[in-house]
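Coordinates from model_31.txt are shown below (compact mmCIF, N, CA and C atoms).
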# COMPACT_ATOMS: atom_id res chain seq x y z
N MET Y 19 16.91 -3.61 5.60
CA MET Y 19 16.45 -2.26 5.87
C MET Y 19 15.95 -2.20 7.30
N ALA Y 20 16.61 -1.43 8.13
CA ALA Y 20 16.31 -1.38 9.56
C ALA Y 20 15.04 -0.57 9.83
N GLY Y 21 14.49 -0.75 11.03
CA GLY Y 21 13.33 0.02 11.44
C GLY Y 21 12.04 -0.77 11.30
N ALA Y 22 11.04 -0.26 11.97
CA ALA Y 22 9.73 -0.91 11.95
C ALA Y 22 8.93 -0.45 10.73
N TYR Y 23 8.02 -1.28 10.30
CA TYR Y 23 7.18 -0.92 9.16
C TYR Y 23 6.37 0.34 9.43
N THR Y 24 6.03 0.58 10.70
CA THR Y 24 5.23 1.75 11.05
C THR Y 24 6.00 3.06 10.86
N GLU Y 25 7.30 2.96 10.66
CA GLU Y 25 8.13 4.14 10.42
C GLU Y 25 8.21 4.49 8.93
N LEU Y 26 7.78 3.59 8.08
CA LEU Y 26 7.88 3.81 6.63
C LEU Y 26 6.84 4.82 6.15
N ARG Y 27 7.28 5.79 5.40
CA ARG Y 27 6.37 6.80 4.84
C ARG Y 27 5.30 6.14 3.98
N ALA Y 28 5.67 5.15 3.20
CA ALA Y 28 4.71 4.47 2.33
C ALA Y 28 3.60 3.82 3.16
N TRP Y 29 3.96 3.19 4.26
CA TRP Y 29 2.95 2.55 5.12
C TRP Y 29 2.02 3.59 5.72
N LYS Y 30 2.58 4.70 6.21
CA LYS Y 30 1.76 5.77 6.80
C LYS Y 30 0.79 6.35 5.76
N GLN Y 31 1.30 6.60 4.57
CA GLN Y 31 0.44 7.14 3.50
C GLN Y 31 -0.66 6.14 3.15
N ALA Y 32 -0.31 4.87 3.14
CA ALA Y 32 -1.29 3.83 2.79
C ALA Y 32 -2.39 3.75 3.84
N VAL Y 33 -2.03 3.84 5.11
CA VAL Y 33 -3.03 3.81 6.18
C VAL Y 33 -3.95 5.02 6.07
N ASP Y 34 -3.38 6.19 5.83
CA ASP Y 34 -4.20 7.40 5.65
C ASP Y 34 -5.16 7.24 4.47
N LEU Y 35 -4.67 6.61 3.40
CA LEU Y 35 -5.53 6.36 2.24
C LEU Y 35 -6.68 5.44 2.61
N VAL Y 36 -6.40 4.40 3.37
CA VAL Y 36 -7.46 3.47 3.81
C VAL Y 36 -8.55 4.23 4.56
N LEU Y 37 -8.14 5.10 5.46
CA LEU Y 37 -9.12 5.87 6.24
C LEU Y 37 -10.01 6.72 5.34
N GLU Y 38 -9.38 7.38 4.37
CA GLU Y 38 -10.17 8.21 3.44
C GLU Y 38 -11.08 7.34 2.57
N VAL Y 39 -10.60 6.20 2.14
CA VAL Y 39 -11.41 5.29 1.34
C VAL Y 39 -12.63 4.82 2.13
N TYR Y 40 -12.41 4.44 3.38
CA TYR Y 40 -13.53 3.97 4.20
C TYR Y 40 -14.57 5.07 4.42
N ARG Y 41 -14.09 6.29 4.66
CA ARG Y 41 -15.03 7.42 4.82
C ARG Y 41 -15.83 7.63 3.54
N THR Y 42 -15.17 7.50 2.43
CA THR Y 42 -15.82 7.72 1.13
C THR Y 42 -16.84 6.63 0.84
N THR Y 43 -16.47 5.38 1.07
CA THR Y 43 -17.38 4.28 0.72
C THR Y 43 -18.59 4.19 1.65
N GLN Y 44 -18.54 4.84 2.80
CA GLN Y 44 -19.72 4.87 3.68
C GLN Y 44 -20.90 5.55 2.99
N GLN Y 45 -20.59 6.37 2.01
CA GLN Y 45 -21.63 7.11 1.29
C GLN Y 45 -22.16 6.35 0.07
N PHE Y 46 -21.57 5.22 -0.24
CA PHE Y 46 -22.00 4.43 -1.40
C PHE Y 46 -23.41 3.87 -1.13
N PRO Y 47 -24.13 3.55 -2.21
CA PRO Y 47 -25.45 2.93 -2.03
C PRO Y 47 -25.32 1.60 -1.28
N LYS Y 48 -26.31 1.32 -0.46
CA LYS Y 48 -26.29 0.07 0.32
C LYS Y 48 -26.29 -1.16 -0.58
N THR Y 49 -26.78 -1.03 -1.80
CA THR Y 49 -26.78 -2.16 -2.73
C THR Y 49 -25.36 -2.57 -3.13
N GLU Y 50 -24.40 -1.69 -2.89
CA GLU Y 50 -23.00 -1.97 -3.23
C GLU Y 50 -22.21 -2.54 -2.05
N LEU Y 51 -22.88 -2.73 -0.90
CA LEU Y 51 -22.20 -3.16 0.31
C LEU Y 51 -21.34 -4.41 0.08
N TYR Y 52 -21.86 -5.39 -0.64
CA TYR Y 52 -21.12 -6.64 -0.87
C TYR Y 52 -20.48 -6.67 -2.25
N GLY Y 53 -20.53 -5.57 -2.94
CA GLY Y 53 -19.93 -5.49 -4.26
C GLY Y 53 -18.73 -4.56 -4.26
N LEU Y 54 -18.90 -3.42 -4.88
CA LEU Y 54 -17.81 -2.48 -5.07
C LEU Y 54 -17.28 -1.95 -3.73
N THR Y 55 -18.15 -1.67 -2.78
CA THR Y 55 -17.71 -1.16 -1.47
C THR Y 55 -16.76 -2.15 -0.81
N ASN Y 56 -17.15 -3.41 -0.79
CA ASN Y 56 -16.33 -4.45 -0.18
C ASN Y 56 -15.00 -4.59 -0.91
N GLN Y 57 -15.04 -4.62 -2.21
CA GLN Y 57 -13.82 -4.81 -3.00
C GLN Y 57 -12.86 -3.64 -2.85
N ILE Y 58 -13.40 -2.43 -2.81
CA ILE Y 58 -12.56 -1.25 -2.63
C ILE Y 58 -11.89 -1.30 -1.26
N GLY Y 59 -12.65 -1.65 -0.25
CA GLY Y 59 -12.08 -1.74 1.09
C GLY Y 59 -10.97 -2.78 1.18
N ARG Y 60 -11.20 -3.92 0.55
CA ARG Y 60 -10.20 -4.99 0.58
C ARG Y 60 -8.92 -4.58 -0.15
N SER Y 61 -9.07 -3.93 -1.28
CA SER Y 61 -7.89 -3.47 -2.03
C SER Y 61 -7.12 -2.43 -1.24
N ALA Y 62 -7.85 -1.49 -0.63
CA ALA Y 62 -7.20 -0.43 0.13
C ALA Y 62 -6.42 -1.00 1.31
N VAL Y 63 -7.03 -1.89 2.06
CA VAL Y 63 -6.39 -2.48 3.23
C VAL Y 63 -5.19 -3.34 2.82
N SER Y 64 -5.25 -3.90 1.65
CA SER Y 64 -4.17 -4.76 1.16
C SER Y 64 -2.86 -3.99 0.97
N VAL Y 65 -2.94 -2.71 0.67
CA VAL Y 65 -1.72 -1.94 0.40
C VAL Y 65 -0.84 -1.85 1.65
N PRO Y 66 -1.31 -1.26 2.77
CA PRO Y 66 -0.42 -1.20 3.94
C PRO Y 66 -0.14 -2.59 4.53
N SER Y 67 -1.07 -3.51 4.36
CA SER Y 67 -0.86 -4.87 4.88
C SER Y 67 0.31 -5.54 4.17
N ASN Y 68 0.41 -5.37 2.87
CA ASN Y 68 1.53 -5.96 2.12
C ASN Y 68 2.85 -5.28 2.46
N ILE Y 69 2.81 -3.98 2.69
CA ILE Y 69 4.03 -3.28 3.09
C ILE Y 69 4.52 -3.85 4.43
N ALA Y 70 3.59 -3.98 5.38
CA ALA Y 70 3.94 -4.50 6.70
C ALA Y 70 4.45 -5.94 6.62
N GLU Y 71 3.75 -6.78 5.88
CA GLU Y 71 4.16 -8.17 5.77
C GLU Y 71 5.54 -8.29 5.13
N GLY Y 72 5.76 -7.52 4.08
CA GLY Y 72 7.06 -7.55 3.43
C GLY Y 72 8.19 -7.10 4.33
N LYS Y 73 7.91 -6.07 5.13
CA LYS Y 73 8.93 -5.56 6.05
C LYS Y 73 9.28 -6.61 7.10
N GLY Y 74 8.33 -7.48 7.42
CA GLY Y 74 8.57 -8.53 8.39
C GLY Y 74 9.28 -9.74 7.84
N ARG Y 75 9.48 -9.79 6.55
CA ARG Y 75 10.18 -10.93 5.95
C ARG Y 75 11.68 -10.84 6.20
N SER Y 76 12.36 -11.93 5.91
CA SER Y 76 13.78 -12.01 6.28
C SER Y 76 14.76 -11.52 5.23
N SER Y 77 14.27 -11.13 4.06
CA SER Y 77 15.22 -10.67 3.05
C SER Y 77 14.66 -9.48 2.27
N ASP Y 78 15.57 -8.73 1.70
CA ASP Y 78 15.17 -7.60 0.86
C ASP Y 78 14.43 -8.07 -0.38
N ARG Y 79 14.80 -9.25 -0.85
CA ARG Y 79 14.12 -9.79 -2.03
C ARG Y 79 12.64 -10.02 -1.74
N GLU Y 80 12.35 -10.60 -0.58
CA GLU Y 80 10.95 -10.82 -0.19
C GLU Y 80 10.24 -9.48 0.05
N PHE Y 81 10.94 -8.54 0.67
CA PHE Y 81 10.35 -7.23 0.90
C PHE Y 81 9.97 -6.58 -0.43
N ALA Y 82 10.87 -6.67 -1.42
CA ALA Y 82 10.59 -6.11 -2.74
C ALA Y 82 9.37 -6.77 -3.37
N LEU Y 83 9.23 -8.07 -3.20
CA LEU Y 83 8.08 -8.79 -3.74
C LEU Y 83 6.78 -8.26 -3.13
N PHE Y 84 6.77 -8.07 -1.81
CA PHE Y 84 5.56 -7.59 -1.15
C PHE Y 84 5.28 -6.12 -1.48
N LEU Y 85 6.33 -5.34 -1.71
CA LEU Y 85 6.11 -3.96 -2.17
C LEU Y 85 5.47 -3.97 -3.56
N SER Y 86 5.86 -4.92 -4.38
CA SER Y 86 5.24 -5.07 -5.70
C SER Y 86 3.77 -5.47 -5.56
N HIS Y 87 3.47 -6.34 -4.61
CA HIS Y 87 2.07 -6.71 -4.34
C HIS Y 87 1.28 -5.48 -3.89
N ALA Y 88 1.88 -4.67 -3.03
CA ALA Y 88 1.22 -3.46 -2.56
C ALA Y 88 0.93 -2.52 -3.72
N ARG Y 89 1.89 -2.40 -4.62
CA ARG Y 89 1.70 -1.54 -5.80
C ARG Y 89 0.57 -2.08 -6.68
N GLY Y 90 0.51 -3.40 -6.83
CA GLY Y 90 -0.58 -4.00 -7.61
C GLY Y 90 -1.93 -3.74 -6.97
N SER Y 91 -2.00 -3.86 -5.66
CA SER Y 91 -3.26 -3.58 -4.95
C SER Y 91 -3.65 -2.12 -5.10
N LEU Y 92 -2.65 -1.24 -5.11
CA LEU Y 92 -2.93 0.18 -5.29
C LEU Y 92 -3.52 0.45 -6.67
N LEU Y 93 -2.98 -0.19 -7.68
CA LEU Y 93 -3.53 -0.04 -9.04
C LEU Y 93 -4.94 -0.60 -9.14
N GLU Y 94 -5.16 -1.71 -8.45
CA GLU Y 94 -6.50 -2.29 -8.39
C GLU Y 94 -7.46 -1.30 -7.73
N LEU Y 95 -7.03 -0.69 -6.64
CA LEU Y 95 -7.84 0.30 -5.94
C LEU Y 95 -8.14 1.50 -6.84
N GLU Y 96 -7.14 1.99 -7.54
CA GLU Y 96 -7.35 3.12 -8.45
C GLU Y 96 -8.42 2.80 -9.49
N THR Y 97 -8.37 1.60 -10.02
CA THR Y 97 -9.36 1.17 -11.02
C THR Y 97 -10.76 1.15 -10.42
N GLN Y 98 -10.88 0.60 -9.24
CA GLN Y 98 -12.19 0.51 -8.58
C GLN Y 98 -12.73 1.89 -8.23
N LEU Y 99 -11.84 2.79 -7.81
CA LEU Y 99 -12.28 4.15 -7.50
C LEU Y 99 -12.73 4.89 -8.76
N LEU Y 100 -12.06 4.61 -9.87
CA LEU Y 100 -12.48 5.21 -11.15
C LEU Y 100 -13.87 4.72 -11.53
N ILE Y 101 -14.11 3.44 -11.35
CA ILE Y 101 -15.44 2.88 -11.64
C ILE Y 101 -16.48 3.53 -10.74
N ALA Y 102 -16.18 3.66 -9.46
CA ALA Y 102 -17.11 4.28 -8.51
C ALA Y 102 -17.40 5.73 -8.92
N SER Y 103 -16.39 6.42 -9.38
CA SER Y 103 -16.57 7.80 -9.83
C SER Y 103 -17.47 7.86 -11.06
N LYS Y 104 -17.23 6.97 -12.01
CA LYS Y 104 -18.04 6.93 -13.23
C LYS Y 104 -19.49 6.56 -12.95
N LEU Y 105 -19.70 5.80 -11.87
CA LEU Y 105 -21.07 5.45 -11.46
C LEU Y 105 -21.73 6.57 -10.66
N GLY Y 106 -20.96 7.62 -10.34
CA GLY Y 106 -21.50 8.75 -9.61
C GLY Y 106 -21.54 8.54 -8.10
N TYR Y 107 -20.77 7.59 -7.60
CA TYR Y 107 -20.75 7.30 -6.17
C TYR Y 107 -19.86 8.27 -5.40
N THR Y 108 -18.96 8.94 -6.09
CA THR Y 108 -18.08 9.92 -5.46
C THR Y 108 -18.23 11.25 -6.16
N GLY Y 109 -18.07 12.31 -5.40
CA GLY Y 109 -18.10 13.65 -5.97
C GLY Y 109 -16.75 13.99 -6.59
N LYS Y 110 -16.72 15.09 -7.28
CA LYS Y 110 -15.49 15.52 -7.95
C LYS Y 110 -14.35 15.73 -6.95
N GLU Y 111 -14.64 16.41 -5.83
CA GLU Y 111 -13.60 16.66 -4.83
C GLU Y 111 -13.06 15.37 -4.22
N GLN Y 112 -13.97 14.44 -3.91
CA GLN Y 112 -13.54 13.15 -3.36
C GLN Y 112 -12.66 12.41 -4.35
N SER Y 113 -13.09 12.37 -5.59
CA SER Y 113 -12.32 11.67 -6.63
C SER Y 113 -10.94 12.27 -6.80
N GLU Y 114 -10.88 13.60 -6.80
CA GLU Y 114 -9.59 14.27 -6.97
C GLU Y 114 -8.68 14.03 -5.77
N SER Y 115 -9.25 14.09 -4.57
CA SER Y 115 -8.46 13.86 -3.36
C SER Y 115 -7.90 12.45 -3.33
N LEU Y 116 -8.75 11.48 -3.62
CA LEU Y 116 -8.30 10.09 -3.64
C LEU Y 116 -7.28 9.87 -4.75
N GLY Y 117 -7.49 10.49 -5.89
CA GLY Y 117 -6.54 10.38 -7.00
C GLY Y 117 -5.18 10.94 -6.64
N THR Y 118 -5.17 12.08 -5.96
CA THR Y 118 -3.92 12.68 -5.52
C THR Y 118 -3.20 11.78 -4.53
N ARG Y 119 -3.96 11.22 -3.58
CA ARG Y 119 -3.36 10.32 -2.58
C ARG Y 119 -2.78 9.07 -3.22
N THR Y 120 -3.52 8.46 -4.14
CA THR Y 120 -3.02 7.23 -4.76
C THR Y 120 -1.79 7.53 -5.62
N GLU Y 121 -1.80 8.66 -6.29
CA GLU Y 121 -0.65 9.03 -7.13
C GLU Y 121 0.59 9.25 -6.28
N GLN Y 122 0.43 9.96 -5.16
CA GLN Y 122 1.56 10.21 -4.28
C GLN Y 122 2.08 8.91 -3.65
N LEU Y 123 1.15 8.05 -3.25
CA LEU Y 123 1.55 6.77 -2.67
C LEU Y 123 2.28 5.92 -3.70
N ALA Y 124 1.83 5.94 -4.93
CA ALA Y 124 2.51 5.17 -5.99
C ALA Y 124 3.96 5.64 -6.14
N LYS Y 125 4.17 6.94 -6.10
CA LYS Y 125 5.53 7.49 -6.21
C LYS Y 125 6.38 7.05 -5.02
N THR Y 126 5.80 7.10 -3.83
CA THR Y 126 6.53 6.70 -2.63
C THR Y 126 6.87 5.21 -2.68
N LEU Y 127 5.91 4.40 -3.08
CA LEU Y 127 6.16 2.95 -3.20
C LEU Y 127 7.24 2.66 -4.22
N ASN Y 128 7.19 3.33 -5.36
CA ASN Y 128 8.21 3.11 -6.39
C ASN Y 128 9.60 3.50 -5.89
N ALA Y 129 9.68 4.62 -5.17
CA ALA Y 129 10.97 5.04 -4.62
C ALA Y 129 11.49 4.03 -3.61
N LEU Y 130 10.62 3.56 -2.73
CA LEU Y 130 11.02 2.57 -1.73
C LEU Y 130 11.45 1.27 -2.41
N LEU Y 131 10.71 0.86 -3.40
CA LEU Y 131 11.05 -0.36 -4.13
C LEU Y 131 12.43 -0.23 -4.80
N ASN Y 132 12.72 0.94 -5.35
CA ASN Y 132 14.03 1.16 -5.96
C ASN Y 132 15.14 1.08 -4.93
N VAL Y 133 14.92 1.63 -3.74
CA VAL Y 133 15.92 1.56 -2.67
C VAL Y 133 16.16 0.11 -2.27
N VAL Y 134 15.09 -0.64 -2.10
CA VAL Y 134 15.21 -2.04 -1.69
C VAL Y 134 15.92 -2.85 -2.78
N LYS Y 135 15.59 -2.61 -4.03
CA LYS Y 135 16.23 -3.34 -5.13
C LYS Y 135 17.71 -3.01 -5.22
N GLU Y 136 18.07 -1.76 -4.96
CA GLU Y 136 19.48 -1.38 -4.97
C GLU Y 136 20.24 -2.09 -3.87
N LYS Y 137 19.60 -2.27 -2.72
CA LYS Y 137 20.22 -2.97 -1.59
C LYS Y 137 20.41 -4.45 -1.85
N LYS Y 138 19.54 -5.02 -2.71
CA LYS Y 138 19.58 -6.47 -2.95
C LYS Y 138 20.95 -6.93 -3.41
N GLY Y 139 21.66 -6.12 -4.14
CA GLY Y 139 22.95 -6.52 -4.65
C GLY Y 139 24.04 -6.53 -3.59
N LYS Y 140 23.77 -5.87 -2.47
CA LYS Y 140 24.76 -5.80 -1.41
C LYS Y 140 24.53 -6.94 -0.42
N PRO Y 141 25.58 -7.49 0.16
CA PRO Y 141 25.39 -8.57 1.13
C PRO Y 141 24.67 -8.05 2.37
N THR Y 142 23.68 -8.79 2.82
CA THR Y 142 22.95 -8.43 4.03
C THR Y 142 22.98 -9.59 5.00
N ARG Y 143 22.80 -9.29 6.26
CA ARG Y 143 22.79 -10.32 7.29
C ARG Y 143 21.34 -10.74 7.52
N THR Y 144 21.15 -12.02 7.75
CA THR Y 144 19.82 -12.51 8.08
C THR Y 144 19.48 -12.06 9.49
N ARG Y 145 18.22 -12.21 9.88
CA ARG Y 145 17.81 -11.85 11.24
C ARG Y 145 18.63 -12.60 12.28
N GLU Y 146 18.84 -13.88 12.03
CA GLU Y 146 19.58 -14.69 12.98
C GLU Y 146 21.02 -14.20 13.10
N GLU Y 147 21.64 -13.88 11.96
CA GLU Y 147 23.01 -13.40 11.98
C GLU Y 147 23.13 -12.05 12.67
N SER Y 148 22.10 -11.22 12.54
CA SER Y 148 22.16 -9.89 13.16
C SER Y 148 22.10 -9.97 14.68
N GLN Y 149 21.68 -11.10 15.22
CA GLN Y 149 21.62 -11.29 16.66
C GLN Y 149 22.98 -11.72 17.23
N LEU Y 150 23.88 -12.15 16.34
CA LEU Y 150 25.20 -12.60 16.78
C LEU Y 150 26.12 -11.39 16.97
N PRO Y 151 27.09 -11.49 17.84
CA PRO Y 151 28.03 -10.40 18.01
C PRO Y 151 28.86 -10.22 16.73
N ALA Y 152 29.26 -8.98 16.48
CA ALA Y 152 30.08 -8.69 15.30
C ALA Y 152 31.43 -9.36 15.45
N ARG Y 153 31.99 -9.79 14.33
CA ARG Y 153 33.29 -10.47 14.35
C ARG Y 153 34.42 -9.49 14.21
Can you dump the structure from the file as structure tokens?
Amino acid sequence: MAGAYTELRAWKQAVDLVLEVYRTTQQFPKTELYGLTNQIGRSAVSVPSNIAEGKGRSSDREFALFLSHARGSLLELETQLLIASKLGYTGKEQSESLGTRTEQLAKTLNALLNVVKEKKGKPTRTREESQLPAR
């Protein structure tokens, strides 16, 4: 799959989600700084990081694996945000906004993963081979 990871809609959505998550967790109680706040931040950052790392790998199979990791981190984040909401750390509007973003990102990730999996069956050139002149 050609192009830079920064061009992927899923990566862009994930970065935007991270920014909203960080703004939201700034309002959490200071007692949560090393608990839920830290864990939510780590899960959120893991999503675009896995997309980027997967895009940098040499095969579609590896890319698909890292997209699956990103999806798992997104589900982890959704769970943590639900807990934060139940604890009253987020307002209704914040919870709904974050829920909408995570839902949309999940759909985008699933669509991208399907595209990558469909490509897996087709022969692809490695990075090294792509540097060679066409025969």
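Shortest separation to Asn56 of chain Y among Y:Leu105, Y:Ala28, Y:Thr43, Y:Ala70 occurs at residue Y:Thr43, atoms counted being all atoms listed in the file.
Here the question is which of Y:Asn68, Y:Leu123, Y:Gly117, Y:Tyr40 gets nearest to Leu83 of chain Y using all atoms listed in the file, and that residue is Y:Asn68.
Note that the spacing between atom N of Val134 of chain Y and atom CA of Ala82 of chain Y amounts to 7.1 Å.
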Mind the document's chain letters and residue numbers, and return as a ChimeraX atom specification the residues of segment 46-139 of chain Y that DSSP labels alpha helix (DSSP H). /Y:54-73,78-104,110-138
Interatomic distance between atom CA of Lys73 of chain Y and atom CA of Gly90 of chain Y? 16.7 Å
How many Å separate atom N of Thr126 of chain Y from atom CA of Arg27 of chain Y? 8.7 Å
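You can rank Y:Ile69, Y:Asn128, Y:Arg119, Y:Ser103 by their closest distance to Asp34 of chain Y using only N, CA and C atoms, and at the top of that list sits Y:Arg119.
Of the residues under consideration (Y:Ile58, Y:Gln98, Y:Leu92, Y:His87), Y:Leu92 shows the shortest atom-to-atom contact distance to Thr120 of chain Y when counting all atoms listed in the file.
Ranking Y:Leu99, Y:Lys125, Y:Glu111, Y:Gly74 by their shortest atom-to-atom distance to Gly21 of chain Y, with only C-alpha atoms included, puts Y:Gly74 first.
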